[in-house]
$ cat input05.cif   # mmCIF, C-alpha atoms and all ligand atoms
data_work
#
loop_
_atom_site.label_atom_id
_atom_site.label_comp_id
_atom_site.auth_asym_id
_atom_site.auth_seq_id
_atom_site.Cartn_x
_atom_site.Cartn_y
_atom_site.Cartn_z
CA MET A 1 21.32 -4.50 50.83
CA GLN A 2 22.75 -7.65 49.26
CA SER A 3 26.43 -8.31 49.60
CA ASP A 4 28.13 -9.22 46.30
CA SER A 5 29.19 -12.62 47.52
CA LEU A 6 25.65 -13.86 48.17
CA PRO A 7 23.88 -15.49 45.23
CA ALA A 8 21.04 -13.40 43.81
CA PRO A 9 17.71 -14.47 45.30
CA LEU A 10 15.68 -16.77 43.07
CA ARG A 11 12.73 -15.13 41.40
CA ILE A 12 9.73 -17.40 41.86
CA LEU A 13 6.27 -16.92 40.40
CA HIS A 14 3.60 -18.70 42.42
CA LEU A 15 0.29 -19.44 40.71
CA GLU A 16 -1.98 -19.97 43.72
CA ASP A 17 -5.47 -18.80 44.62
CA SER A 18 -5.04 -19.24 48.36
CA GLN A 19 -3.11 -16.55 50.21
CA LEU A 20 -2.70 -18.97 53.13
CA ASP A 21 -1.06 -21.65 50.97
CA HIS A 22 1.20 -19.01 49.48
CA ASP A 23 2.32 -17.90 52.96
CA ILE A 24 3.03 -21.50 53.90
CA VAL A 25 5.25 -21.91 50.85
CA ARG A 26 7.06 -18.68 51.73
CA GLN A 27 7.70 -20.01 55.22
CA ALA A 28 8.89 -23.37 53.95
CA LEU A 29 11.46 -21.74 51.70
CA ARG A 30 12.59 -19.37 54.45
CA ARG A 31 13.03 -22.34 56.78
CA ALA A 32 15.07 -24.15 54.12
CA GLY A 33 17.34 -21.08 53.85
CA MET A 34 16.60 -20.53 50.15
CA PRO A 35 16.96 -16.82 49.32
CA CYS A 36 14.09 -15.94 47.03
CA GLU A 37 11.62 -13.32 45.90
CA LEU A 38 8.15 -14.82 45.70
CA GLU A 39 5.34 -13.30 43.74
CA ARG A 40 1.77 -14.59 43.74
CA VAL A 41 -0.75 -14.45 40.90
CA GLU A 42 -4.11 -16.18 40.81
CA SER A 43 -5.69 -15.56 37.42
CA LEU A 44 -4.46 -16.91 34.07
CA ASP A 45 -4.33 -13.37 32.65
CA ALA A 46 -2.15 -12.12 35.49
CA PHE A 47 0.10 -15.16 35.12
CA VAL A 48 0.60 -14.60 31.39
CA ARG A 49 1.25 -10.88 31.92
CA GLN A 50 3.83 -11.57 34.61
CA VAL A 51 5.83 -14.14 32.64
CA GLN A 52 5.82 -11.80 29.66
CA VAL A 53 7.10 -8.73 31.48
CA SER A 54 9.65 -10.27 33.83
CA ASP A 55 12.09 -13.16 34.03
CA PHE A 56 11.45 -15.83 36.63
CA ASP A 57 13.82 -18.61 37.66
CA VAL A 58 10.97 -20.99 38.35
CA VAL A 59 7.18 -21.26 38.35
CA LEU A 60 5.24 -23.03 41.11
CA ALA A 61 1.65 -23.79 40.19
CA ASP A 62 -1.35 -25.13 42.01
CA TYR A 63 -3.23 -27.63 39.86
CA ARG A 64 -6.85 -26.51 40.12
CA LEU A 65 -7.56 -22.77 40.03
CA PRO A 66 -10.80 -20.84 39.57
CA GLY A 67 -11.83 -21.40 35.94
CA PHE A 68 -8.61 -23.04 34.72
CA THR A 69 -5.90 -25.55 35.61
CA ALA A 70 -2.13 -25.60 35.70
CA LEU A 71 -2.24 -27.22 32.24
CA ASP A 72 -3.61 -23.98 30.75
CA ALA A 73 -0.86 -22.02 32.48
CA TRP A 74 1.75 -24.48 31.21
CA GLU A 75 0.49 -24.13 27.67
CA ALA A 76 0.54 -20.33 27.87
CA LEU A 77 4.07 -20.44 29.27
CA GLN A 78 5.34 -22.37 26.23
CA ALA A 79 4.66 -19.32 24.07
CA ILE A 80 7.48 -17.34 25.69
CA PRO A 81 11.08 -17.97 24.61
CA GLN A 82 13.13 -20.02 27.08
CA PRO A 83 10.35 -20.59 29.64
CA PRO A 84 11.43 -21.20 33.25
CA PRO A 85 11.00 -24.65 34.85
CA PHE A 86 7.43 -25.33 35.92
CA ILE A 87 6.71 -27.24 39.11
CA LEU A 88 3.26 -28.48 39.97
CA LEU A 89 2.62 -27.81 43.66
CA SER A 90 -0.84 -28.94 44.65
CA GLY A 91 -3.04 -31.17 46.76
CA ALA A 92 -3.55 -34.74 45.56
CA ILE A 93 -4.43 -34.76 41.85
CA GLY A 94 -4.17 -38.48 41.22
CA GLU A 95 -1.28 -40.39 39.76
CA ALA A 96 -2.58 -40.29 36.18
CA ALA A 97 -2.79 -36.48 36.12
CA ALA A 98 0.67 -36.20 37.68
CA VAL A 99 2.16 -38.57 35.09
CA ASP A 100 0.46 -36.61 32.30
CA ALA A 101 1.91 -33.38 33.65
CA ILE A 102 5.45 -34.75 33.66
CA LYS A 103 4.95 -36.25 30.19
CA LEU A 104 3.96 -32.81 28.94
CA GLY A 105 7.37 -31.62 30.02
CA MET A 106 6.67 -30.03 33.40
CA SER A 107 9.72 -30.21 35.60
CA ASP A 108 8.31 -31.87 38.70
CA TYR A 109 5.31 -32.51 40.88
CA LEU A 110 5.18 -32.01 44.64
CA LEU A 111 2.33 -32.43 47.11
CA LYS A 112 1.50 -29.49 49.36
CA ASP A 113 1.90 -31.87 52.33
CA ASP A 114 5.52 -32.37 51.38
CA LEU A 115 6.82 -28.78 51.49
CA GLY A 116 9.94 -29.87 53.37
CA LYS A 117 11.26 -31.03 50.01
CA LEU A 118 10.32 -27.88 48.08
CA ALA A 119 13.70 -26.11 48.17
CA HIS A 120 15.41 -29.27 46.99
CA VAL A 121 12.87 -29.84 44.19
CA ILE A 122 13.27 -26.22 43.02
CA GLN A 123 17.06 -26.47 42.99
CA ARG A 124 16.94 -29.73 41.06
CA ALA A 125 14.52 -28.31 38.47
CA ILE A 126 16.79 -25.30 37.94
CA ASP A 127 19.89 -27.49 37.63
CA VAL A 128 18.18 -29.78 35.10
CA GLN A 129 17.00 -26.79 33.10
CA GLN A 130 20.47 -25.27 33.09
CA ALA A 131 22.07 -28.51 31.96
CA LYS A 132 19.48 -28.77 29.18
CA ARG A 133 20.15 -25.20 28.01
CA GLU A 134 23.89 -25.83 28.00
CA ARG A 135 23.38 -28.97 25.98
CA GLU A 136 21.21 -27.09 23.50
CA ARG A 137 23.81 -24.36 23.23
CA ALA A 138 26.56 -26.91 22.63
CA VAL A 139 24.47 -28.59 19.91
CA GLU A 140 23.81 -25.20 18.29
CA GLU A 141 27.49 -24.27 18.42
CA LEU A 142 28.44 -27.60 16.91
CA ALA A 143 25.94 -27.14 14.10
CA ALA A 144 27.21 -23.61 13.45
CA SER A 145 30.79 -24.80 13.40
CA GLU A 146 29.92 -27.64 11.02
CA GLN A 147 28.23 -25.13 8.77
CA ARG A 148 31.32 -22.91 8.84
CA MET A 149 33.47 -25.92 7.94
CA ALA A 150 31.16 -26.85 5.07
CA ARG A 151 31.24 -23.28 3.75
CA PHE A 152 35.02 -23.26 4.06
CA ALA A 153 35.31 -26.58 2.23
CA GLU A 154 33.07 -25.23 -0.52
CA HIS A 155 35.17 -22.10 -0.77
CA LEU A 156 38.35 -24.19 -0.96
CA GLN A 157 36.94 -26.37 -3.72
CA THR A 158 35.87 -23.36 -5.73
CA SER A 159 39.29 -21.74 -5.33
CA ILE A 160 41.07 -24.96 -6.25
CA GLU A 161 38.98 -25.37 -9.39
CA GLN A 162 39.57 -21.72 -10.34
CA GLU A 163 43.29 -22.06 -9.70
CA ARG A 164 43.42 -25.24 -11.78
CA ALA A 165 41.58 -23.55 -14.63
CA ALA A 166 44.02 -20.62 -14.47
CA ILE A 167 47.07 -22.91 -14.57
CA ALA A 168 45.56 -24.85 -17.48
CA ARG A 169 45.04 -21.57 -19.33
CA GLU A 170 48.65 -20.55 -18.77
CA ILE A 171 49.95 -23.90 -19.94
CA HIS A 172 47.78 -23.58 -23.01
CA ASP A 173 48.74 -19.99 -23.83
CA ASP A 174 52.42 -19.94 -22.77
CA ILE A 175 53.74 -23.45 -23.15
CA GLY A 176 51.33 -24.43 -25.92
CA GLY A 177 52.14 -21.23 -27.78
CA SER A 178 55.90 -21.77 -27.47
CA LEU A 179 55.67 -25.40 -28.55
CA ALA A 180 53.71 -24.38 -31.63
CA ALA A 181 56.39 -21.80 -32.46
CA ILE A 182 59.17 -24.39 -32.03
CA GLN A 183 57.25 -26.75 -34.32
CA PHE A 184 57.07 -24.00 -36.92
CA ASP A 185 60.82 -23.31 -36.75
CA LEU A 186 61.73 -27.00 -36.80
CA SER A 187 59.72 -27.44 -40.01
CA TRP A 188 61.50 -24.46 -41.49
CA ILE A 189 64.92 -25.93 -40.63
CA GLY A 190 63.82 -29.30 -42.05
CA ARG A 191 62.79 -27.67 -45.30
CA HIS A 192 65.97 -25.59 -45.71
CA HIS A 193 68.65 -28.12 -44.68
CA ALA A 194 68.53 -31.32 -46.67
CA ASP A 195 71.68 -32.92 -45.23
CA ALA A 196 71.14 -36.20 -43.41
CA GLU A 197 72.65 -35.08 -40.10
CA THR A 198 70.39 -32.04 -39.77
CA GLN A 199 67.37 -34.09 -40.87
CA GLY A 200 68.18 -36.63 -38.12
CA HIS A 201 68.27 -33.90 -35.48
CA VAL A 202 65.09 -32.32 -36.79
CA GLN A 203 63.31 -35.67 -36.61
CA ALA A 204 64.51 -36.39 -33.06
CA ALA A 205 63.50 -32.88 -31.94
CA THR A 206 60.09 -33.26 -33.60
CA GLY A 207 59.53 -36.55 -31.76
CA MET A 208 60.43 -34.94 -28.45
CA LEU A 209 58.19 -32.01 -29.28
CA GLN A 210 55.22 -34.31 -29.94
CA HIS A 211 55.87 -35.87 -26.56
CA ALA A 212 55.88 -32.47 -24.85
CA VAL A 213 52.67 -31.46 -26.65
CA GLY A 214 51.00 -34.71 -25.51
CA ALA A 215 52.21 -34.23 -21.93
CA SER A 216 50.99 -30.65 -21.69
CA GLN A 217 47.61 -31.67 -23.10
CA ARG A 218 47.33 -34.46 -20.56
CA ILE A 219 48.26 -32.10 -17.72
CA MET A 220 45.71 -29.53 -18.93
CA MET A 221 43.07 -32.23 -19.13
CA ASN A 222 43.69 -33.21 -15.51
CA LEU A 223 43.68 -29.61 -14.38
CA ARG A 224 40.56 -28.54 -16.21
CA PRO A 225 38.64 -31.33 -17.83
CA ALA A 226 37.82 -29.70 -21.16
CA ILE A 227 36.22 -33.01 -22.09
CA LEU A 228 33.38 -32.00 -19.74
CA ASP A 229 32.38 -29.47 -22.38
CA GLN A 230 31.22 -32.50 -24.36
CA GLY A 231 29.04 -33.66 -21.46
CA LEU A 232 29.44 -35.93 -18.46
CA GLU A 233 28.95 -39.11 -20.44
CA ALA A 234 31.86 -38.36 -22.77
CA ALA A 235 34.03 -37.28 -19.86
CA ILE A 236 33.43 -40.44 -17.81
CA ASP A 237 33.98 -42.59 -20.91
CA TRP A 238 37.26 -40.82 -21.56
CA LEU A 239 38.41 -41.19 -17.93
CA ALA A 240 37.63 -44.91 -17.95
CA ALA A 241 39.35 -45.46 -21.31
CA GLU A 242 42.45 -43.56 -20.14
CA PHE A 243 42.47 -45.59 -16.91
CA GLU A 244 42.25 -48.87 -18.83
CA ARG A 245 44.98 -47.82 -21.24
CA ARG A 246 47.31 -46.73 -18.44
CA THR A 247 46.77 -49.63 -16.02
CA GLY A 248 45.72 -52.52 -18.25
CA VAL A 249 42.83 -53.23 -15.84
CA ARG A 250 39.62 -54.24 -17.62
CA THR A 251 37.16 -51.38 -17.18
CA LEU A 252 33.46 -51.76 -17.94
CA VAL A 253 31.36 -48.65 -18.32
CA ARG A 254 27.57 -48.44 -18.28
CA ILE A 255 25.95 -45.05 -18.66
CA THR A 256 22.22 -44.31 -18.85
CA LEU A 257 21.59 -40.58 -18.69
CA ARG A 258 18.21 -39.16 -19.66
CA GLU A 259 18.54 -35.64 -18.28
CA PRO A 260 19.90 -33.57 -21.17
CA ALA A 261 21.60 -30.80 -19.21
CA LEU A 262 22.95 -31.58 -15.76
CA PRO A 263 24.15 -28.55 -13.78
CA LYS A 264 27.86 -27.84 -14.42
CA ASN A 265 28.77 -28.10 -10.75
CA MET A 266 27.13 -31.52 -10.52
CA GLN A 267 29.02 -32.74 -13.57
CA LEU A 268 32.30 -31.55 -12.15
CA THR A 269 31.55 -33.26 -8.82
CA ALA A 270 30.83 -36.55 -10.61
CA TYR A 271 33.92 -36.18 -12.76
CA ARG A 272 36.25 -35.46 -9.83
CA THR A 273 34.72 -38.36 -7.90
CA ALA A 274 35.38 -40.77 -10.75
CA GLN A 275 38.88 -39.36 -11.15
CA GLU A 276 39.80 -39.82 -7.48
CA ALA A 277 38.15 -43.25 -7.26
CA LEU A 278 40.10 -44.48 -10.31
CA THR A 279 43.33 -42.97 -8.98
CA ASN A 280 42.71 -44.78 -5.68
CA ILE A 281 42.14 -48.03 -7.55
CA SER A 282 45.40 -47.68 -9.45
CA LYS A 283 47.27 -46.81 -6.24
CA HIS A 284 45.70 -49.17 -3.72
CA ALA A 285 43.26 -51.78 -5.05
CA ARG A 286 45.34 -54.40 -6.92
CA CYS A 287 42.27 -55.52 -8.82
CA ARG A 288 41.53 -57.27 -12.11
CA GLU A 289 38.37 -55.48 -13.05
CA VAL A 290 36.60 -52.17 -12.55
CA ARG A 291 32.96 -51.27 -13.17
CA VAL A 292 31.82 -47.70 -13.68
CA GLU A 293 28.08 -47.07 -13.67
CA LEU A 294 26.43 -43.72 -14.18
CA SER A 295 22.70 -43.14 -14.25
CA ASP A 296 20.07 -40.55 -13.46
CA ALA A 297 17.20 -42.98 -12.86
CA GLU A 298 14.52 -41.81 -10.43
CA ARG A 299 15.88 -38.29 -10.58
CA VAL A 300 19.04 -39.11 -8.65
CA LEU A 301 22.39 -38.85 -10.35
CA THR A 302 24.23 -41.99 -9.26
CA LEU A 303 27.86 -42.77 -10.01
CA GLU A 304 29.19 -46.08 -8.78
CA ILE A 305 32.78 -47.22 -9.17
CA THR A 306 33.46 -50.76 -8.06
CA ASP A 307 36.68 -52.76 -8.06
CA ASN A 308 37.33 -56.38 -7.14
CA GLY A 309 40.61 -55.66 -5.39
CA GLN A 310 41.90 -56.07 -1.87
CA GLY A 311 39.42 -53.71 -0.19
CA ILE A 312 40.09 -50.96 2.34
CA GLN A 313 41.44 -51.93 5.72
CA PRO A 314 39.24 -50.10 8.28
CA PRO A 315 42.11 -48.16 9.89
CA GLU A 316 43.35 -47.03 6.46
CA ARG A 317 40.12 -45.32 5.62
CA ASP A 318 40.12 -42.92 8.55
CA LYS A 319 43.82 -42.20 8.69
CA ALA A 320 44.54 -38.53 9.22
CA THR A 321 46.68 -38.10 6.10
CA ALA A 322 44.11 -39.43 3.62
CA PHE A 323 42.14 -36.53 2.19
CA GLY A 324 40.95 -38.11 -1.04
CA LEU A 325 37.83 -39.83 0.24
CA LYS A 326 37.15 -37.12 2.85
CA GLY A 327 37.38 -34.48 0.13
CA LEU A 328 34.92 -36.42 -2.02
CA GLN A 329 32.54 -36.66 0.90
CA GLU A 330 32.64 -32.88 1.42
CA ARG A 331 32.30 -32.28 -2.29
CA ALA A 332 29.23 -34.52 -2.48
CA ARG A 333 27.62 -32.69 0.43
CA THR A 334 28.34 -29.31 -1.13
CA ALA A 335 26.56 -30.46 -4.28
CA GLY A 336 23.53 -31.49 -2.21
CA GLY A 337 24.29 -35.22 -2.26
CA TRP A 338 26.24 -37.86 -0.37
CA LEU A 339 28.99 -40.42 -0.86
CA ASP A 340 28.96 -44.02 0.31
CA VAL A 341 32.12 -46.04 0.60
CA SER A 342 31.54 -49.72 1.04
CA SER A 343 34.41 -52.13 1.22
CA ARG A 344 35.31 -55.49 2.68
CA PRO A 345 38.91 -56.59 3.04
CA GLY A 346 39.62 -59.04 0.23
CA GLU A 347 36.36 -58.37 -1.58
CA GLY A 348 36.88 -55.04 -3.27
CA THR A 349 35.59 -51.52 -2.86
CA SER A 350 32.60 -49.63 -4.10
CA ILE A 351 32.31 -45.84 -4.10
CA THR A 352 28.83 -44.44 -4.74
CA LEU A 353 28.01 -40.80 -5.30
CA SER A 354 24.33 -39.82 -5.20
CA ILE A 355 22.96 -36.37 -5.96
CA PRO A 356 19.20 -35.77 -6.17
CA LEU A 357 18.41 -33.84 -9.34
CA THR A 358 15.62 -31.90 -7.70
CA ILE A 359 18.14 -29.97 -5.64
CA GLU A 360 19.40 -27.20 -7.86
CA ALA A 361 23.20 -27.41 -7.65
CA LYS A 362 25.13 -24.16 -7.59
CA GLY A 363 27.32 -23.05 -10.45
N1 LIG B 1 39.84 -48.81 -4.16
C1 LIG B 1 40.58 -48.99 -3.04
N2 LIG B 1 41.08 -50.22 -2.73
C2 LIG B 1 41.81 -50.42 -1.62
N3 LIG B 1 42.11 -49.45 -0.73
C3 LIG B 1 41.66 -48.20 -0.97
C4 LIG B 1 40.86 -47.90 -2.12
N4 LIG B 1 40.54 -46.59 -2.09
C5 LIG B 1 41.11 -46.10 -0.97
N5 LIG B 1 41.78 -47.07 -0.27
C6 LIG B 1 42.45 -46.94 1.04
O1 LIG B 1 41.84 -45.85 1.72
C7 LIG B 1 42.81 -44.89 2.04
C8 LIG B 1 42.23 -43.50 1.94
O2 LIG B 1 42.03 -43.11 0.58
P1 LIG B 1 42.20 -41.58 0.19
O3 LIG B 1 41.39 -40.80 1.15
O4 LIG B 1 41.88 -41.42 -1.24
O5 LIG B 1 43.72 -41.26 0.49
P2 LIG B 1 45.06 -41.51 -0.39
O6 LIG B 1 44.64 -42.08 -1.71
O7 LIG B 1 45.65 -40.17 -0.50
O8 LIG B 1 45.90 -42.46 0.41
C9 LIG B 1 43.96 -45.15 1.10
O9 LIG B 1 45.18 -44.74 1.66
C10 LIG B 1 43.91 -46.63 0.91
O10 LIG B 1 44.58 -47.29 1.96
MG MG B 2 43.25 -41.04 -2.89
#
$ encode --input "input05.cif" --output "structure tokens"
Amino acid sequence: MQSDSLPAPLRILHLEDSQLDHDIVRQALRRAGMPCELERVESLDAFVRQVQVSDFDVVLADYRLPGFTALDAWEALQAIPQPPPFILLSGAIGEAAAVDAIKLGMSDYLLKDDLGKLAHVIQRAIDVQQAKRERERAVEELAASEQRMARFAEHLQTSIEQERAAIAREIHDDIGGSLAAIQFDLSWIGRHHADAETQGHVQAATGMLQHAVGASQRIMMNLRPAILDQGLEAAIDWLAAEFERRTGVRTLVRITLREPALPKNMQLTAYRTAQEALTNISKHARCREVRVELSDAERVLTLEITDNGQGIQPPERDKATAFGLKGLQERARTAGGWLDVSSRPGEGTSITLSIPLTIEAKG
């Protein structure tokens, strides 16, 4: 009976046609104090059957066996999921064959004359294997977590866009409706009270009302770019013209789109990218000129926004509180593309969004 505190004996499969050699290996491991259960097989069929039906911690294999070699056994072993480490334990096979075996991915090679080292070689092979599995698991977990993050980001973007559309609708229906009603009543008052004082008030109120109508339209436009209904080209043109009007910075636009109907989601991604890039320019760049280029040449939608301003200081770009560029990066990835930010202090900034058209964007 095993006591709980002792480690479980290692399960070792020994591919060996000589019973004598097998007994010597058993003795060597006993002498080294390595608790183990050894099992011997000598045909390739028996080997394959054994590795399929039970789990072994390690395989020891003679090189030359009747009718096959350890290479055949190694190959067969690769068919099972998570194969155990494989140690070549044989008489001299020549350096070239040994190097080939290790290159194939076998764990180690030990001469039968050197059995004093066997326990150590086995332990090392198991440790290396374990470290490799842990690394693989960590990589898998990281990939899964990145995928979860990407899905979450996508979900957030969708909810934000839906929320924005809902707010725009409310502004349109509630505030827009009320403003139209006020306009109607103001006209009525203007028509029924000819005295100069009332007319003055009506005019002032009408002016203010026009301002409110303009403001609510602008807010709606930012929330849900209705201009996109007229296509990406019109929307980017409008954004650039608005930017130029607001900031006074010369803005050159060049658009060459051949694809008649870009997916909606792709258009929105390009629009939001241009919007954020232009907002960044007005907030941070201090530039004299901006270039906006949009094309779908070579079946890649490319949007490039370049300024000749002060550039991004490297620490600024990665600061924890800046979510604009990071958000664009996520957005680009969600749409099946990528975003490049290239900038040199003093020489301006260029933001490039690329989305291959062959990838069918969602939405
Ligand atoms: N066109 C630009 N010119 C100069 N600096 C920029 C430009 N765009 C972004 N930056 C810098 O990069 C930082 C990160 O940008 P962003 O992620 O959009 O965050 P935010 O605009 O909210 O600060 C900005 O804070 C700014 O320092
Ligand atoms: Mg920003």
$ residues_around --input "input05.cif" --residues "range 250-255 of chain A" --least-positions-apart "5" --cutoff "9 Å" --atoms "all atoms listed in the file" --output "PyMOL selection string"
chain A and resi 233+236-237+240-241+243-244+288-295
$ atom_distance --input "input05.cif" --atom1 "CA of Arg64 in chain A" --atom2 "CA of Arg30 in chain A"
25.2 Å
$ residues_around --input "input05.cif" --residues "range 151-154 of chain A" --least-positions-apart "6" --cutoff "12 Å" --atoms "all atoms listed in the file" --output "PyMOL selection string"
chain A and resi 144-145+160-161+265+269+326-336+362-363
$ atom_distance --input "input05.cif" --atom1 "CA of Thr273 in chain A" --atom2 "CA of Ile351 in chain A"
8.7 Å
$ residues_around --input "input05.cif" --residues "Glu170 in chain A" --least-positions-apart "4" --cutoff "12 Å" --atoms "all atoms listed in the file" --output "list of chain:residue names"
A:Glu163, A:Arg164, A:Ala165, A:Ala166, A:Asp174, A:Ile175, A:Gly176, A:Gly177, A:Ser178, A:Ser216, A:Gln217, A:Ile219, A:Met220, A:Leu223, A:Arg224
$ atom_distance --input "input05.cif" --atom1 "CA of Leu301 in chain A" --atom2 "CA of Pro260 in chain A"
12.3 Å
$ closest_atom_pairs --input "input05.cif" --of "chain A" --to "ligand MG 2 (chain B)" --cutoff "6 Å" --atoms "only C-alpha atoms and all ligand atoms" --output "Markdown table"
| residue | atom | partner | partner_atom | distance |
| --- | --- | --- | --- | --- |
| A:Glu276 | CA | B:MG2 | MG | 5.9 |
| A:Asn280 | CA | B:MG2 | MG | 4.7 |
| A:Gly324 | CA | B:MG2 | MG | 4.2 |
$ closest_atom_pairs --input "input05.cif" --of "chain A" --to "ligand LIG 1 (chain B)" --cutoff "12 Å" --atoms "all atoms listed in the file" --output "CSV"
residue,atom,partner,partner_atom,distance
A:Arg272,CA,B:LIG1,O4,11.9
A:Thr273,CA,B:LIG1,O4,10.2
A:Ala274,CA,B:LIG1,N1,11.3
A:Gln275,CA,B:LIG1,O4,10.6
A:Glu276,CA,B:LIG1,O4,6.8
A:Ala277,CA,B:LIG1,N1,6.6
A:Leu278,CA,B:LIG1,N1,7.5
A:Thr279,CA,B:LIG1,O6,7.4
A:Asn280,CA,B:LIG1,N4,4.6
A:Ile281,CA,B:LIG1,N1,4.2
A:Ser282,CA,B:LIG1,N1,7.8
A:Lys283,CA,B:LIG1,O6,7.1
A:His284,CA,B:LIG1,C2,4.6
A:Ala285,CA,B:LIG1,N2,3.5
A:Arg286,CA,B:LIG1,N2,7.3
A:Cys287,CA,B:LIG1,N2,8.2
A:Arg288,CA,B:LIG1,N1,11.7
A:Glu289,CA,B:LIG1,N1,11.2
A:Val290,CA,B:LIG1,N1,9.6
A:Arg291,CA,B:LIG1,N1,11.6
A:Glu304,CA,B:LIG1,N1,11.9
A:Ile305,CA,B:LIG1,N1,8.8
A:Thr306,CA,B:LIG1,N1,7.7
A:Asp307,CA,B:LIG1,N1,6.4
A:Asn308,CA,B:LIG1,N2,8.5
A:Gly309,CA,B:LIG1,N2,6.1
A:Gln310,CA,B:LIG1,C2,5.7
A:Gly311,CA,B:LIG1,C2,4.3
A:Ile312,CA,B:LIG1,N3,4.0
A:Gln313,CA,B:LIG1,O10,6.7
A:Pro314,CA,B:LIG1,O1,8.2
A:Pro315,CA,B:LIG1,O10,8.4
A:Glu316,CA,B:LIG1,O10,4.7
A:Arg317,CA,B:LIG1,O1,4.3
A:Asp318,CA,B:LIG1,C8,7.0
A:Lys319,CA,B:LIG1,C8,7.1
A:Ala320,CA,B:LIG1,O3,9.0
A:Thr321,CA,B:LIG1,O7,7.0
A:Ala322,CA,B:LIG1,O5,3.6
A:Phe323,CA,B:LIG1,O3,4.5
A:Gly324,CA,B:LIG1,O4,3.4
A:Leu325,CA,B:LIG1,O3,3.8
A:Lys326,CA,B:LIG1,O3,5.9
A:Gly327,CA,B:LIG1,O3,7.6
A:Leu328,CA,B:LIG1,O3,8.4
A:Gln329,CA,B:LIG1,O3,9.8
A:Glu330,CA,B:LIG1,O3,11.8
A:Val341,CA,B:LIG1,N4,8.9
A:Ser342,CA,B:LIG1,N1,9.8
A:Ser343,CA,B:LIG1,N2,8.0
A:Arg344,CA,B:LIG1,C2,9.3
A:Pro345,CA,B:LIG1,C2,8.3
A:Gly346,CA,B:LIG1,C2,9.1
A:Glu347,CA,B:LIG1,N2,9.5
A:Gly348,CA,B:LIG1,N2,6.4
A:Thr349,CA,B:LIG1,N1,5.2
A:Ser350,CA,B:LIG1,N1,7.3
A:Ile351,CA,B:LIG1,N1,8.1
A:Thr352,CA,B:LIG1,N1,11.9
$ closest_residue --input "input05.cif" --among "A:Val41, A:Met266, A:Asp195, A:Ile24" --to "Pro66 in chain A" --atoms "only C-alpha atoms"
A:Val41
$ closest_residue --input "input05.cif" --among "A:Leu239, A:Val202, A:Leu303, A:Cys36" --to "Ile189 in chain A" --atoms "only C-alpha atoms"
A:Val202
$ closest_residue --input "input05.cif" --among "A:Asp113, A:Asp127, A:Asp173, A:Asp72" --to "Pro85 in chain A" --atoms "only C-alpha atoms"
A:Asp127
$ residues_around --input "input05.cif" --residues "range 76-81 of chain A" --least-positions-apart "3" --cutoff "12 Å" --atoms "all atoms listed in the file" --output "list in words"
Leu13, Leu44, Asp45, Ala46, Phe47, Val48, Arg49, Gln50, Val51, Gln52, Val53, Ser54, Asp55, Phe56, Val58, Val59, Ala61, Phe68, Thr69, Ala70, Leu71, Asp72, Ala73, Pro84, Pro85, Phe86, Leu104, Gly105 and Met106 of chain A
$ closest_residue --input "input05.cif" --among "A:Gln210, A:Ser354, A:Gln27, A:Gln183" --to "Arg299 in chain A" --atoms "all atoms listed in the file"
A:Ser354
$ closest_residue --input "input05.cif" --among "A:Ser187, A:Gln130, A:Thr358, A:Gln157" --to "Leu209 in chain A" --atoms "only C-alpha atoms"
A:Ser187
$ closest_residue --input "input05.cif" --among "A:Glu242, A:Arg258, A:Asp185, A:Leu179" --to "His211 in chain A" --atoms "all atoms listed in the file"
A:Leu179
